[in-house]
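Colleague: Quick one, start.cif (mmCIF, N, CA and C atoms):
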data_upload
#
loop_
_atom_site.label_atom_id
_atom_site.label_comp_id
_atom_site.auth_asym_id
_atom_site.auth_seq_id
_atom_site.Cartn_x
_atom_site.Cartn_y
_atom_site.Cartn_z
N MET A 1 5.53 37.90 93.08
CA MET A 1 6.04 36.70 93.72
C MET A 1 4.91 35.98 94.44
N ILE A 2 5.04 34.69 94.51
CA ILE A 2 4.04 33.92 95.24
C ILE A 2 4.65 33.40 96.54
N ASP A 3 3.79 33.23 97.54
CA ASP A 3 4.26 32.74 98.83
C ASP A 3 3.87 31.27 99.00
N GLU A 4 4.13 30.74 100.19
CA GLU A 4 3.87 29.32 100.45
C GLU A 4 2.37 29.00 100.35
N THR A 5 1.53 29.91 100.76
CA THR A 5 0.08 29.68 100.67
C THR A 5 -0.35 29.60 99.21
N ASP A 6 0.19 30.49 98.38
CA ASP A 6 -0.12 30.43 96.95
C ASP A 6 0.34 29.10 96.35
N LYS A 7 1.51 28.64 96.78
CA LYS A 7 2.02 27.34 96.29
C LYS A 7 1.10 26.21 96.70
N LYS A 8 0.57 26.27 97.93
CA LYS A 8 -0.38 25.25 98.39
C LYS A 8 -1.67 25.30 97.57
N ILE A 9 -2.12 26.52 97.27
CA ILE A 9 -3.32 26.68 96.44
C ILE A 9 -3.09 26.05 95.07
N LEU A 10 -1.96 26.34 94.45
CA LEU A 10 -1.64 25.77 93.14
C LEU A 10 -1.57 24.24 93.21
N ASP A 11 -0.98 23.73 94.27
CA ASP A 11 -0.87 22.28 94.44
C ASP A 11 -2.25 21.65 94.55
N GLU A 12 -3.10 22.23 95.38
CA GLU A 12 -4.46 21.68 95.56
C GLU A 12 -5.28 21.78 94.28
N LEU A 13 -5.19 22.91 93.59
CA LEU A 13 -5.95 23.06 92.35
C LEU A 13 -5.43 22.14 91.25
N SER A 14 -4.13 21.84 91.26
CA SER A 14 -3.61 20.92 90.25
C SER A 14 -4.10 19.50 90.50
N LYS A 15 -4.42 19.18 91.74
CA LYS A 15 -4.99 17.86 92.07
C LYS A 15 -6.47 17.81 91.72
N ASN A 16 -7.19 18.92 91.97
CA ASN A 16 -8.63 18.97 91.72
C ASN A 16 -9.04 20.41 91.48
N SER A 17 -9.18 20.79 90.23
CA SER A 17 -9.51 22.18 89.91
C SER A 17 -10.98 22.50 90.13
N ARG A 18 -11.77 21.52 90.55
CA ARG A 18 -13.19 21.75 90.76
C ARG A 18 -13.54 22.04 92.22
N LEU A 19 -12.53 22.18 93.07
CA LEU A 19 -12.79 22.50 94.46
C LEU A 19 -13.52 23.84 94.57
N THR A 20 -14.46 23.92 95.51
CA THR A 20 -15.07 25.22 95.80
C THR A 20 -14.06 26.05 96.58
N MET A 21 -14.26 27.35 96.63
CA MET A 21 -13.35 28.21 97.38
C MET A 21 -13.38 27.86 98.87
N LYS A 22 -14.52 27.40 99.36
CA LYS A 22 -14.62 26.99 100.76
C LYS A 22 -13.77 25.73 100.99
N GLU A 23 -13.89 24.75 100.09
CA GLU A 23 -13.10 23.52 100.23
C GLU A 23 -11.61 23.81 100.10
N LEU A 24 -11.26 24.63 99.12
CA LEU A 24 -9.86 24.98 98.91
C LEU A 24 -9.32 25.75 100.11
N GLY A 25 -10.11 26.69 100.61
CA GLY A 25 -9.71 27.46 101.78
C GLY A 25 -9.45 26.58 102.99
N GLY A 26 -10.30 25.56 103.16
CA GLY A 26 -10.09 24.63 104.26
C GLY A 26 -8.77 23.88 104.15
N LYS A 27 -8.37 23.58 102.94
CA LYS A 27 -7.12 22.84 102.72
C LYS A 27 -5.89 23.71 102.93
N VAL A 28 -6.03 25.03 102.70
CA VAL A 28 -4.87 25.93 102.84
C VAL A 28 -5.01 26.86 104.04
N HIS A 29 -6.04 26.63 104.86
CA HIS A 29 -6.25 27.37 106.11
C HIS A 29 -6.54 28.84 105.88
N LEU A 30 -7.47 29.11 104.93
CA LEU A 30 -7.93 30.47 104.68
C LEU A 30 -9.46 30.45 104.60
N THR A 31 -10.07 31.62 104.75
CA THR A 31 -11.52 31.72 104.53
C THR A 31 -11.79 31.63 103.03
N ALA A 32 -13.04 31.35 102.69
CA ALA A 32 -13.41 31.28 101.27
C ALA A 32 -13.14 32.60 100.55
N PRO A 33 -13.52 33.78 101.11
CA PRO A 33 -13.24 35.04 100.42
C PRO A 33 -11.74 35.29 100.23
N ALA A 34 -10.93 34.98 101.25
CA ALA A 34 -9.48 35.17 101.14
C ALA A 34 -8.90 34.25 100.07
N THR A 35 -9.42 33.03 100.01
CA THR A 35 -8.97 32.08 98.99
C THR A 35 -9.36 32.57 97.60
N ALA A 36 -10.58 33.02 97.45
CA ALA A 36 -11.05 33.53 96.15
C ALA A 36 -10.20 34.71 95.70
N SER A 37 -9.83 35.57 96.63
CA SER A 37 -9.00 36.72 96.31
C SER A 37 -7.62 36.27 95.82
N ARG A 38 -7.05 35.28 96.49
CA ARG A 38 -5.74 34.79 96.07
C ARG A 38 -5.80 34.11 94.71
N VAL A 39 -6.84 33.33 94.48
CA VAL A 39 -7.00 32.67 93.18
C VAL A 39 -7.17 33.71 92.08
N ALA A 40 -7.95 34.75 92.35
CA ALA A 40 -8.13 35.83 91.37
C ALA A 40 -6.80 36.50 91.06
N LYS A 41 -5.98 36.72 92.08
CA LYS A 41 -4.66 37.32 91.88
C LYS A 41 -3.77 36.41 91.03
N LEU A 42 -3.82 35.12 91.30
CA LEU A 42 -3.02 34.17 90.51
C LEU A 42 -3.49 34.15 89.06
N LEU A 43 -4.78 34.29 88.84
CA LEU A 43 -5.32 34.37 87.47
C LEU A 43 -4.90 35.68 86.81
N ASP A 44 -5.04 36.79 87.52
CA ASP A 44 -4.68 38.11 86.97
C ASP A 44 -3.21 38.18 86.59
N ASN A 45 -2.35 37.52 87.36
CA ASN A 45 -0.91 37.54 87.10
C ASN A 45 -0.47 36.45 86.14
N ASP A 46 -1.44 35.76 85.54
CA ASP A 46 -1.15 34.71 84.56
C ASP A 46 -0.35 33.54 85.12
N ILE A 47 -0.39 33.36 86.43
CA ILE A 47 0.24 32.18 87.03
C ILE A 47 -0.67 30.99 86.82
N ILE A 48 -1.97 31.19 87.01
CA ILE A 48 -2.97 30.20 86.60
C ILE A 48 -3.46 30.64 85.24
N LYS A 49 -3.25 29.80 84.23
CA LYS A 49 -3.62 30.18 82.87
C LYS A 49 -4.99 29.65 82.47
N GLY A 50 -5.51 28.71 83.25
CA GLY A 50 -6.81 28.15 82.94
C GLY A 50 -7.01 26.89 83.72
N CYS A 51 -8.19 26.35 83.63
CA CYS A 51 -8.52 25.09 84.29
C CYS A 51 -8.83 24.07 83.20
N SER A 52 -8.51 22.82 83.47
CA SER A 52 -8.73 21.82 82.45
C SER A 52 -9.27 20.54 83.07
N ILE A 53 -9.66 19.63 82.21
CA ILE A 53 -10.11 18.32 82.64
C ILE A 53 -9.24 17.27 81.98
N GLU A 54 -9.22 16.10 82.55
CA GLU A 54 -8.52 14.98 81.94
C GLU A 54 -9.57 14.03 81.41
N VAL A 55 -9.54 13.78 80.12
CA VAL A 55 -10.53 12.94 79.47
C VAL A 55 -10.00 11.51 79.34
N ASN A 56 -10.82 10.54 79.66
CA ASN A 56 -10.46 9.14 79.49
C ASN A 56 -10.70 8.77 78.03
N GLN A 57 -9.62 8.81 77.23
CA GLN A 57 -9.73 8.57 75.79
C GLN A 57 -10.18 7.14 75.48
N VAL A 58 -9.81 6.17 76.30
CA VAL A 58 -10.21 4.78 76.06
C VAL A 58 -11.73 4.66 76.12
N LYS A 59 -12.35 5.33 77.09
CA LYS A 59 -13.83 5.26 77.21
C LYS A 59 -14.51 5.98 76.06
N LEU A 60 -13.77 6.85 75.36
CA LEU A 60 -14.33 7.52 74.18
C LEU A 60 -14.04 6.75 72.90
N GLY A 61 -13.41 5.58 73.03
CA GLY A 61 -13.15 4.75 71.86
C GLY A 61 -11.77 4.90 71.26
N PHE A 62 -10.86 5.57 71.94
CA PHE A 62 -9.50 5.75 71.44
C PHE A 62 -8.54 4.93 72.29
N ALA A 63 -8.40 3.65 71.93
CA ALA A 63 -7.61 2.71 72.74
C ALA A 63 -6.12 2.86 72.54
N ILE A 64 -5.68 3.50 71.47
CA ILE A 64 -4.25 3.62 71.18
C ILE A 64 -3.80 5.05 71.46
N HIS A 65 -2.81 5.16 72.33
CA HIS A 65 -2.20 6.45 72.68
C HIS A 65 -0.77 6.37 72.21
N ALA A 66 -0.36 7.30 71.36
CA ALA A 66 0.97 7.22 70.75
C ALA A 66 1.67 8.57 70.79
N PHE A 67 2.99 8.49 70.86
CA PHE A 67 3.85 9.67 70.69
C PHE A 67 4.68 9.44 69.45
N LEU A 68 4.78 10.46 68.61
CA LEU A 68 5.56 10.36 67.38
C LEU A 68 6.64 11.43 67.37
N ASN A 69 7.87 11.02 67.23
CA ASN A 69 8.96 11.96 66.99
C ASN A 69 8.92 12.28 65.51
N ILE A 70 8.82 13.56 65.18
CA ILE A 70 8.68 14.00 63.80
C ILE A 70 10.00 14.58 63.32
N TYR A 71 10.42 14.12 62.14
CA TYR A 71 11.67 14.57 61.54
C TYR A 71 11.37 15.19 60.17
N ILE A 72 11.71 16.45 60.01
CA ILE A 72 11.51 17.14 58.74
C ILE A 72 12.88 17.57 58.24
N LYS A 73 13.24 17.11 57.03
CA LYS A 73 14.60 17.33 56.53
C LYS A 73 14.85 18.75 56.06
N ASN A 74 13.83 19.44 55.58
CA ASN A 74 14.06 20.80 55.08
C ASN A 74 13.52 21.82 56.08
N ILE A 75 13.72 23.08 55.77
CA ILE A 75 13.31 24.14 56.69
C ILE A 75 11.84 24.54 56.53
N HIS A 76 11.17 23.98 55.56
CA HIS A 76 9.77 24.31 55.29
C HIS A 76 8.86 23.33 56.02
N HIS A 77 8.35 23.76 57.16
CA HIS A 77 7.51 22.91 57.99
C HIS A 77 6.02 23.12 57.71
N GLN A 78 5.68 24.11 56.89
CA GLN A 78 4.27 24.46 56.68
C GLN A 78 3.42 23.30 56.15
N PRO A 79 3.90 22.48 55.20
CA PRO A 79 3.06 21.35 54.77
C PRO A 79 2.72 20.40 55.92
N TYR A 80 3.70 20.12 56.76
CA TYR A 80 3.45 19.27 57.93
C TYR A 80 2.44 19.93 58.86
N LEU A 81 2.65 21.20 59.18
CA LEU A 81 1.76 21.91 60.10
C LEU A 81 0.34 22.00 59.55
N ALA A 82 0.21 22.19 58.24
CA ALA A 82 -1.12 22.24 57.62
C ALA A 82 -1.81 20.88 57.72
N PHE A 83 -1.04 19.81 57.53
CA PHE A 83 -1.59 18.45 57.67
C PHE A 83 -2.07 18.21 59.10
N ILE A 84 -1.24 18.56 60.08
CA ILE A 84 -1.58 18.33 61.48
C ILE A 84 -2.80 19.15 61.89
N GLU A 85 -2.91 20.34 61.37
CA GLU A 85 -4.06 21.21 61.68
C GLU A 85 -5.39 20.53 61.34
N LYS A 86 -5.39 19.68 60.31
CA LYS A 86 -6.61 19.01 59.86
C LYS A 86 -6.86 17.69 60.58
N GLN A 87 -5.98 17.32 61.50
CA GLN A 87 -6.07 16.01 62.14
C GLN A 87 -6.56 16.09 63.59
N ASP A 88 -7.46 17.04 63.88
CA ASP A 88 -7.87 17.24 65.26
C ASP A 88 -8.61 16.06 65.87
N ASN A 89 -9.08 15.12 65.03
CA ASN A 89 -9.70 13.91 65.58
C ASN A 89 -8.69 13.04 66.30
N TYR A 90 -7.42 13.12 65.89
CA TYR A 90 -6.39 12.23 66.40
C TYR A 90 -5.28 12.93 67.18
N VAL A 91 -4.99 14.17 66.87
CA VAL A 91 -3.87 14.88 67.50
C VAL A 91 -4.30 15.50 68.82
N ILE A 92 -3.56 15.17 69.88
CA ILE A 92 -3.80 15.76 71.19
C ILE A 92 -2.92 16.99 71.35
N ASN A 93 -1.62 16.84 71.09
CA ASN A 93 -0.66 17.94 71.20
C ASN A 93 0.41 17.81 70.13
N ASN A 94 0.87 18.94 69.65
CA ASN A 94 1.98 18.99 68.70
C ASN A 94 3.00 19.96 69.28
N TYR A 95 4.06 19.39 69.88
CA TYR A 95 5.08 20.21 70.54
C TYR A 95 6.27 20.42 69.61
N LYS A 96 6.69 21.65 69.42
CA LYS A 96 7.95 21.93 68.73
C LYS A 96 9.04 21.72 69.77
N VAL A 97 10.03 20.87 69.45
CA VAL A 97 11.03 20.48 70.43
C VAL A 97 12.44 20.67 69.90
N SER A 98 13.38 20.70 70.81
CA SER A 98 14.79 20.68 70.43
C SER A 98 15.28 19.25 70.57
N GLY A 99 16.43 18.99 70.02
CA GLY A 99 17.00 17.66 70.15
C GLY A 99 16.91 16.87 68.87
N ASP A 100 16.61 15.59 69.00
CA ASP A 100 16.66 14.67 67.87
C ASP A 100 15.65 14.99 66.77
N GLY A 101 14.44 15.31 67.11
CA GLY A 101 13.42 15.59 66.12
C GLY A 101 13.03 17.05 66.09
N CYS A 102 12.07 17.35 65.23
CA CYS A 102 11.56 18.72 65.11
C CYS A 102 10.32 18.94 65.98
N TYR A 103 9.47 17.90 66.05
CA TYR A 103 8.22 17.97 66.80
C TYR A 103 8.02 16.67 67.55
N LEU A 104 7.25 16.76 68.64
CA LEU A 104 6.78 15.59 69.35
C LEU A 104 5.26 15.65 69.27
N LEU A 105 4.71 14.67 68.60
CA LEU A 105 3.28 14.64 68.33
C LEU A 105 2.62 13.62 69.25
N GLU A 106 1.61 14.05 70.00
CA GLU A 106 0.86 13.16 70.87
C GLU A 106 -0.49 12.91 70.21
N CYS A 107 -0.82 11.63 70.03
CA CYS A 107 -2.04 11.28 69.29
C CYS A 107 -2.83 10.19 69.99
N LYS A 108 -4.08 10.05 69.56
CA LYS A 108 -4.96 8.98 70.01
C LYS A 108 -5.62 8.38 68.79
N PHE A 109 -5.83 7.07 68.81
CA PHE A 109 -6.43 6.39 67.66
C PHE A 109 -7.39 5.30 68.15
N PRO A 110 -8.47 5.07 67.40
CA PRO A 110 -9.41 4.02 67.79
C PRO A 110 -8.92 2.61 67.45
N SER A 111 -8.01 2.49 66.49
CA SER A 111 -7.56 1.16 66.07
C SER A 111 -6.20 1.25 65.39
N ASN A 112 -5.57 0.09 65.23
CA ASN A 112 -4.30 0.03 64.51
C ASN A 112 -4.48 0.40 63.05
N GLU A 113 -5.62 0.07 62.48
CA GLU A 113 -5.87 0.40 61.09
C GLU A 113 -5.92 1.91 60.86
N VAL A 114 -6.56 2.61 61.76
CA VAL A 114 -6.64 4.07 61.66
C VAL A 114 -5.25 4.67 61.88
N LEU A 115 -4.50 4.14 62.84
CA LEU A 115 -3.13 4.59 63.07
C LEU A 115 -2.30 4.38 61.80
N ASP A 116 -2.41 3.23 61.18
CA ASP A 116 -1.64 2.93 59.97
C ASP A 116 -1.98 3.91 58.85
N GLN A 117 -3.25 4.21 58.66
CA GLN A 117 -3.66 5.16 57.63
C GLN A 117 -3.11 6.56 57.93
N PHE A 118 -3.18 6.96 59.20
CA PHE A 118 -2.63 8.26 59.62
C PHE A 118 -1.14 8.32 59.30
N LEU A 119 -0.41 7.25 59.63
CA LEU A 119 1.03 7.23 59.39
C LEU A 119 1.36 7.28 57.90
N ASN A 120 0.57 6.60 57.08
CA ASN A 120 0.77 6.66 55.62
C ASN A 120 0.60 8.08 55.11
N ASN A 121 -0.41 8.77 55.59
CA ASN A 121 -0.63 10.16 55.17
C ASN A 121 0.43 11.10 55.74
N LEU A 122 0.84 10.87 56.98
CA LEU A 122 1.87 11.68 57.61
C LEU A 122 3.20 11.56 56.88
N ASN A 123 3.49 10.35 56.39
CA ASN A 123 4.77 10.09 55.74
C ASN A 123 4.95 10.90 54.45
N LYS A 124 3.86 11.45 53.92
CA LYS A 124 3.96 12.32 52.75
C LYS A 124 4.53 13.69 53.13
N GLN A 125 4.47 14.02 54.44
CA GLN A 125 4.91 15.32 54.93
C GLN A 125 6.21 15.26 55.73
N ALA A 126 6.44 14.14 56.41
CA ALA A 126 7.57 14.06 57.34
C ALA A 126 7.90 12.60 57.63
N ASN A 127 9.09 12.39 58.15
CA ASN A 127 9.47 11.09 58.68
C ASN A 127 9.12 11.06 60.16
N TYR A 128 9.02 9.88 60.73
CA TYR A 128 8.58 9.77 62.11
C TYR A 128 9.13 8.51 62.75
N LYS A 129 9.07 8.50 64.07
CA LYS A 129 9.33 7.32 64.87
C LYS A 129 8.19 7.22 65.88
N VAL A 130 7.52 6.08 65.95
CA VAL A 130 6.32 5.92 66.78
C VAL A 130 6.67 5.21 68.08
N SER A 131 6.10 5.71 69.17
CA SER A 131 6.13 5.03 70.47
C SER A 131 4.70 4.90 70.94
N ILE A 132 4.28 3.68 71.22
CA ILE A 132 2.92 3.42 71.73
C ILE A 132 2.96 3.40 73.25
N VAL A 133 2.03 4.08 73.88
CA VAL A 133 1.96 4.11 75.35
C VAL A 133 1.40 2.76 75.81
N ILE A 134 2.13 2.13 76.74
CA ILE A 134 1.69 0.84 77.30
C ILE A 134 0.82 1.07 78.53
N SER A 135 1.27 1.92 79.44
CA SER A 135 0.47 2.23 80.63
C SER A 135 0.84 3.60 81.14
#
Go ahead and express the file in the form of structure tokens.
Modeller:
Amino acid sequence: MIDETDKKILDELSKNSRLTMKELGGKVHLTAPATASRVAKLLDNDIIKGCSIEVNQVKLGFAIHAFLNIYIKNIHHQPYLAFIEKQDNYVINNYKVSGDGCYLLECKFPSNEVLDQFLNNLNKQANYKVSIVIS
């Protein structure tokens, strides 16, 4: 079980995972060694699964951010999954979901032309509905 201090640590790390143990300890009112010990415990117990960064895709040339609801009519999803596996330039996440569709695909594209080509190739494997992120 985690206590209120652990919850504060998780909250602070979710805001900025690059904090030093001294900085984090100051925010949760612990010494750096005590903070490091708690973070190690959270890692050991798989409560913290890893640290990540948020990449600005627009600055990398990917101006289009899209979510696609994927609909596969038959029970054989392997052709779709094999296609998606090869699309790591564009696919951010492929979530298997319940509800209306089979998957929720999060993608990034440098242009509408590249998005259109991706959709043409995707349509050979599955049907889809596209939502473009506005902000």
Colleague: On this file, the PyMOL selection byres (((chain A and resi 132 and name CA) around 7) and name CA) gives some set of residues; write that set as a list in words.
Modeller: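 After applying the PyMOL selection byres (((chain A and resi 132 and name CA) around 7) and name CA), what remains is His65, Ala66, Phe67, Val130, Ser131, Val133 and Ile134 of chain A.
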Colleague: Got a sec to tell me which of chain A DSSP assigns to alpha helix (DSSP H), as a ChimeraX atom specification?
Modeller: /A:4-15,21-28,32-44,78-85,112-122
Colleague: Using only N, CA and C atoms, which of A:Ile53, A:Cys107, A:Asp46, A:Ile70 sits nearest Lys129 in chain A?
Modeller: A:Ile70
Colleague: Interatomic distance between atom N of Pro79 in chain A and CA of Tyr128 in chain A?
Modeller: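 Here the two named atoms are 15.2 Å from each other.
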Colleague: What do you get, as a CSV table (one decimal) with N, CA and C atoms, keeping the file's coordinate frame, if you spell out every residue that the PyMOL selection byres (((chain A and resi 8 and name CA) around 12) and name CA) selects here?
Modeller:
chain,number,residue,atom,x,y,z
A,2,ILE,N,5.0,34.7,94.5
A,2,ILE,CA,4.0,33.9,95.2
A,2,ILE,C,4.6,33.4,96.5
A,3,ASP,N,3.8,33.2,97.5
A,3,ASP,CA,4.3,32.7,98.8
A,3,ASP,C,3.9,31.3,99.0
A,4,GLU,N,4.1,30.7,100.2
A,4,GLU,CA,3.9,29.3,100.4
A,4,GLU,C,2.4,29.0,100.4
A,5,THR,N,1.5,29.9,100.8
A,5,THR,CA,0.1,29.7,100.7
A,5,THR,C,-0.4,29.6,99.2
A,6,ASP,N,0.2,30.5,98.4
A,6,ASP,CA,-0.1,30.4,97.0
A,6,ASP,C,0.3,29.1,96.4
A,7,LYS,N,1.5,28.6,96.8
A,7,LYS,CA,2.0,27.3,96.3
A,7,LYS,C,1.1,26.2,96.7
A,9,ILE,N,-2.1,26.5,97.3
A,9,ILE,CA,-3.3,26.7,96.4
A,9,ILE,C,-3.1,26.0,95.1
A,10,LEU,N,-2.0,26.3,94.4
A,10,LEU,CA,-1.6,25.8,93.1
A,10,LEU,C,-1.6,24.2,93.2
A,11,ASP,N,-1.0,23.7,94.3
A,11,ASP,CA,-0.9,22.3,94.4
A,11,ASP,C,-2.2,21.6,94.6
A,12,GLU,N,-3.1,22.2,95.4
A,12,GLU,CA,-4.5,21.7,95.6
A,12,GLU,C,-5.3,21.8,94.3
A,13,LEU,N,-5.2,22.9,93.6
A,13,LEU,CA,-6.0,23.1,92.4
A,13,LEU,C,-5.4,22.1,91.2
A,14,SER,N,-4.1,21.8,91.3
A,14,SER,CA,-3.6,20.9,90.2
A,14,SER,C,-4.1,19.5,90.5
A,15,LYS,N,-4.4,19.2,91.7
A,15,LYS,CA,-5.0,17.9,92.1
A,15,LYS,C,-6.5,17.8,91.7
A,24,LEU,N,-11.3,24.6,99.1
A,24,LEU,CA,-9.9,25.0,98.9
A,24,LEU,C,-9.3,25.8,100.1
A,25,GLY,N,-10.1,26.7,100.6
A,25,GLY,CA,-9.7,27.5,101.8
A,25,GLY,C,-9.4,26.6,103.0
A,26,GLY,N,-10.3,25.6,103.2
A,26,GLY,CA,-10.1,24.6,104.3
A,26,GLY,C,-8.8,23.9,104.2
A,27,LYS,N,-8.4,23.6,102.9
A,27,LYS,CA,-7.1,22.8,102.7
A,27,LYS,C,-5.9,23.7,102.9
A,28,VAL,N,-6.0,25.0,102.7
A,28,VAL,CA,-4.9,25.9,102.8
A,28,VAL,C,-5.0,26.9,104.0
A,29,HIS,N,-6.0,26.6,104.9
A,29,HIS,CA,-6.2,27.4,106.1
A,29,HIS,C,-6.5,28.8,105.9
A,30,LEU,N,-7.5,29.1,104.9
A,30,LEU,CA,-7.9,30.5,104.7
A,30,LEU,C,-9.5,30.4,104.6
A,35,THR,N,-9.4,33.0,100.0
A,35,THR,CA,-9.0,32.1,99.0
A,35,THR,C,-9.4,32.6,97.6
A,38,ARG,N,-7.0,35.3,96.5
A,38,ARG,CA,-5.7,34.8,96.1
A,38,ARG,C,-5.8,34.1,94.7
A,39,VAL,N,-6.8,33.3,94.5
A,39,VAL,CA,-7.0,32.7,93.2
A,39,VAL,C,-7.2,33.7,92.1
Colleague: Can you spell out as a list in words the set of residues that the PyMOL selection byres (((chain A and resi 52 and name CA) around 10) and name CA) selects in the structure I just provided?
Modeller: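 Written out, the selection comes to Ser14, Asn16, Ser17, Arg18, Lys49, Gly50, Cys51, Ile53, Glu54 and Val55 of chain A.
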Colleague: Between A:Leu19, A:Leu68, A:Leu115, A:Ala34, which residue has the minimum interatomic distance to Lys96 in chain A, considering only C-alpha atoms?
Modeller: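 Nearest candidate to Lys96 in chain A out of A:Leu19, A:Leu68, A:Leu115, A:Ala34: A:Leu68.
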Colleague: Name the closest residue to Asn93 in chain A among the candidates A:Ala32, A:Leu105, A:Asn127, A:Val58; distances are taken between atoms, counting only C-alpha atoms.
Modeller: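 Between A:Ala32, A:Leu105, A:Asn127, A:Val58, the residue approaching Asn93 in chain A most closely is A:Leu105.
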Colleague: So the first atom is CA of Leu122 in chain A and the second is atom C of Gly101 in chain A; what is the distance between them in Å, to one decimal place?
Modeller: 15.0 Å
Colleague: Based on the backbone DSSP call, show me all residues of range 7-77 of chain A assigned strand (DSSP E), as a PyMOL selection string.
Modeller: chain A and resi 64-71
Colleague: What does the file look like for those residues with N, CA and C atoms, as a compact mmCIF listing (two decimals), keeping the file's coordinate frame?
Modeller:
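What follows is the written file part.txt:
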# COMPACT_ATOMS: atom_id res chain seq x y z
N ILE A 64 -5.68 3.50 71.47
CA ILE A 64 -4.25 3.62 71.18
C ILE A 64 -3.80 5.05 71.46
N HIS A 65 -2.81 5.16 72.33
CA HIS A 65 -2.20 6.45 72.68
C HIS A 65 -0.77 6.37 72.21
N ALA A 66 -0.36 7.30 71.36
CA ALA A 66 0.97 7.22 70.75
C ALA A 66 1.67 8.57 70.79
N PHE A 67 2.99 8.49 70.86
CA PHE A 67 3.85 9.67 70.69
C PHE A 67 4.68 9.44 69.45
N LEU A 68 4.78 10.46 68.61
CA LEU A 68 5.56 10.36 67.38
C LEU A 68 6.64 11.43 67.37
N ASN A 69 7.87 11.02 67.23
CA ASN A 69 8.96 11.96 66.99
C ASN A 69 8.92 12.28 65.51
N ILE A 70 8.82 13.56 65.18
CA ILE A 70 8.68 14.00 63.80
C ILE A 70 10.00 14.58 63.32
N TYR A 71 10.42 14.12 62.14
CA TYR A 71 11.67 14.57 61.54
C TYR A 71 11.37 15.19 60.17
Colleague: At what distance in Å, to one decimal, does CA of Ile64 in chain A lie from CA of Gln125 in chain A?
Modeller: 22.0 Å
Colleague: Would you mind telling me which residue in A:Tyr103, A:Phe109, A:Ala126, A:Met1 lies nearest to Phe62 in chain A when using only N, CA and C atoms?
Modeller: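 Closest candidate: A:Phe109.
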Colleague: Would you please work out which residue, of A:Phe83, A:Ile72, A:Glu23, A:Tyr95, is nearest to Asn121 in chain A when using only C-alpha atoms?
Modeller: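 Nearest candidate to Asn121 in chain A out of A:Phe83, A:Ile72, A:Glu23, A:Tyr95: A:Phe83.
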Colleague: Go through A:Leu104, A:Ile84, A:Leu43, A:Val91 one by one, measure the shortest atom-to-atom distance of each to Tyr71 in chain A using only C-alpha atoms, and give the residue with the smallest value.
Modeller: A:Leu104
